[in-house]
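Down below is the structure, laid out as structure tokens.
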Amino acid sequence: MVNPVHSNAPGDDPERPEEQTGPVGSGKSDEKPEPGIYESRRGKPAPESSDNSETGKPKKKKMSFWKELPILIGVALVLVFLIQQFLARVYVIPSGSMEQTLHGCTGCNGDRILVEKVTYYFTDPQPGDVVVFKGPEPWVQNEFSTERSDNAFVRFFEQLGSVIGLAPPDEKDFVKRVIATPGQRVRGDADGKVYVNDKPLNEPYVYWEGGQPNERQAFAEVTVPPGDLWVMGDNRNNSSDSRFQGGGGLA
């Protein structure tokens with residue numbers, strides 16, 4: 001009897017599966033994949049088309065410089081206005097009454113100072129502070145008068161400029177030093193010495209225009225009422241302050 005011949009060729013033995021030669025399942029293939037096939041499967045984005053063909057919408061064009069310029073100017077003016085109303089404001093030094101503490105240059109008029117406002121949101125002015133304030137009604141003698149144009153169009157821009165600090169303010173603004181606060185008693189003698197609650201003040205900041213105190217230095221004792229301040233300029237010979245305004249008014 002002749003025994004059947006067993007073949008070693010793949011597929012001849014029904015109990016042996018045929019060996020795979022291609023990339024099936026987890027098997028490996030000797031063939032190299034085409035570039036880009038597996039990269040796209042790993043999640044790398046496809047290059048964007050210039051016309052955004054996936055959504056069918058064209059790309060937005062950037063706004064031209066000349067269209068952006070008015071918007072930028074408007075935003076800048078609004079920011080300047082908000083800063084000057086709530087944080088700090090530019091004021092004109094109207095006279096020489098604060099010489100030489102606030103001294104821009106010899107003979108200069110209209111120097112500007114930046115005054116911060118935040119401090120007095122949380123505290124009251126104290127003796128020695130230099131403050132800017134709008135003169136009360138009795139203070140009829142303004143240290144700085146501003147002439148506005150008769151032209152309504154020009155006057156509008158002058159007023160706008162005063163709000164943002166580019167033009168002199170159209171109000172009775174004063175720059176002085178706080179000498180006494182509510183409840184304190186203040187007086188001055190002919191030698192230029194100032195007393196608060198009968199104690200002489202040490203004032204190294206005082207400037208005597210002309211070299212020595214003049215006849216305007218003596219004033220009778222005043223008790224500062226609630227809500228008021230006694231203020232004086234550092235240039236004591238040339239300052240319209242609480243000694244004279246409104247017949248000896250208070251700020």
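So you can find residues: chains in the structure tokens are A, B, ... in the order shown, residues in each start at 1, and ligands are numbered from 1 in order.
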
>> Which residues are near segment 242-244 of chain A? Cut-off 12 Å, only C-alpha atoms, ignore same chain within fewer than 5 positions. Put them as a count of residues only.
In response: 37

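A straight line drawn from atom CA of Pro182 of chain A to atom CA of Asn235 of chain A is 23.4 Å long.
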
> Got a sec: who's within 10 Å of Gly210 of chain A, counting only C-alpha atoms, leaving out chain neighbours fewer than 3 positions off, as an NGL selection string?
Replying inline: :A and (207 or 213-214 or 237-238)

Those selected residues, please, written with C-alpha atoms and delivered as a CSV table (one decimal), in the first residue's frame.
chain,number,residue,atom,x,y,z
A,207,TYR,CA,9.4,131.0,49.7
A,213,PRO,CA,7.8,138.7,54.7
A,214,ASN,CA,5.6,141.6,53.8
A,237,ASN,CA,4.1,137.2,49.6
A,238,ASN,CA,2.1,136.3,46.5

>> Which residues are close to segment 76-88 of chain A, i.e. within 6 Å by only C-alpha atoms, leaving aside same-chain residues fewer than 5 positions away? Reply as a ChimeraX atom specification.
In response: /A:115-118,164

Please produce an output containing all heavy atoms for each residue in the selection, written as a PDB file, in the first residue's frame.
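The resulting file, result-v9.pdb, is shown below:
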ATOM      1  N   VAL A 115      -2.027 115.382  38.950  1.00  0.00           N
ATOM      2  CA  VAL A 115      -2.532 115.244  40.313  1.00  0.00           C
ATOM      3  C   VAL A 115      -3.304 113.929  40.428  1.00  0.00           C
ATOM      4  O   VAL A 115      -4.264 113.709  39.686  1.00  0.00           O
ATOM      5  CB  VAL A 115      -3.457 116.425  40.669  1.00  0.00           C
ATOM      6  CG1 VAL A 115      -3.975 116.293  42.097  1.00  0.00           C
ATOM      7  CG2 VAL A 115      -2.725 117.740  40.484  1.00  0.00           C
ATOM      8  N   GLU A 116      -2.872 113.059  41.333  1.00  0.00           N
ATOM      9  CA  GLU A 116      -3.587 111.788  41.510  1.00  0.00           C
ATOM     10  C   GLU A 116      -4.762 111.979  42.453  1.00  0.00           C
ATOM     11  O   GLU A 116      -4.722 112.784  43.379  1.00  0.00           O
ATOM     12  CB  GLU A 116      -2.636 110.693  42.015  1.00  0.00           C
ATOM     13  CG  GLU A 116      -2.020 110.931  43.377  1.00  0.00           C
ATOM     14  CD  GLU A 116      -2.852 110.331  44.489  1.00  0.00           C
ATOM     15  OE1 GLU A 116      -3.819 109.607  44.201  1.00  0.00           O
ATOM     16  OE2 GLU A 116      -2.538 110.602  45.660  1.00  0.00           O
ATOM     17  N   LYS A 117      -5.839 111.227  42.210  1.00  0.00           N
ATOM     18  CA  LYS A 117      -7.080 111.393  42.962  1.00  0.00           C
ATOM     19  C   LYS A 117      -7.382 110.221  43.893  1.00  0.00           C
ATOM     20  O   LYS A 117      -8.268 110.326  44.747  1.00  0.00           O
ATOM     21  CB  LYS A 117      -8.253 111.552  41.987  1.00  0.00           C
ATOM     22  CG  LYS A 117      -8.152 112.755  41.079  1.00  0.00           C
ATOM     23  CD  LYS A 117      -9.392 112.865  40.208  1.00  0.00           C
ATOM     24  CE  LYS A 117      -9.369 114.128  39.365  1.00  0.00           C
ATOM     25  NZ  LYS A 117     -10.623 114.301  38.584  1.00  0.00           N
ATOM     26  N   VAL A 118      -6.684 109.127  43.736  1.00  0.00           N
ATOM     27  CA  VAL A 118      -7.046 107.890  44.434  1.00  0.00           C
ATOM     28  C   VAL A 118      -6.907 108.041  45.947  1.00  0.00           C
ATOM     29  O   VAL A 118      -7.725 107.518  46.709  1.00  0.00           O
ATOM     30  CB  VAL A 118      -6.189 106.723  43.912  1.00  0.00           C
ATOM     31  CG1 VAL A 118      -6.519 105.436  44.666  1.00  0.00           C
ATOM     32  CG2 VAL A 118      -6.410 106.529  42.423  1.00  0.00           C
ATOM     33  N   ILE A 164      -9.447 116.787  29.024  1.00  0.00           N
ATOM     34  CA  ILE A 164      -8.381 115.794  28.922  1.00  0.00           C
ATOM     35  C   ILE A 164      -7.001 116.384  29.189  1.00  0.00           C
ATOM     36  O   ILE A 164      -5.985 115.726  28.975  1.00  0.00           O
ATOM     37  CB  ILE A 164      -8.394 115.108  27.532  1.00  0.00           C
ATOM     38  CG1 ILE A 164      -8.158 116.127  26.405  1.00  0.00           C
ATOM     39  CG2 ILE A 164      -9.703 114.386  27.310  1.00  0.00           C
ATOM     40  CD1 ILE A 164      -8.086 115.511  25.027  1.00  0.00           C
TER      41      ILE A 164
END

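Atom CA of Gln245 of chain A lies 9.8 Å from atom CA of Glu137 of chain A.
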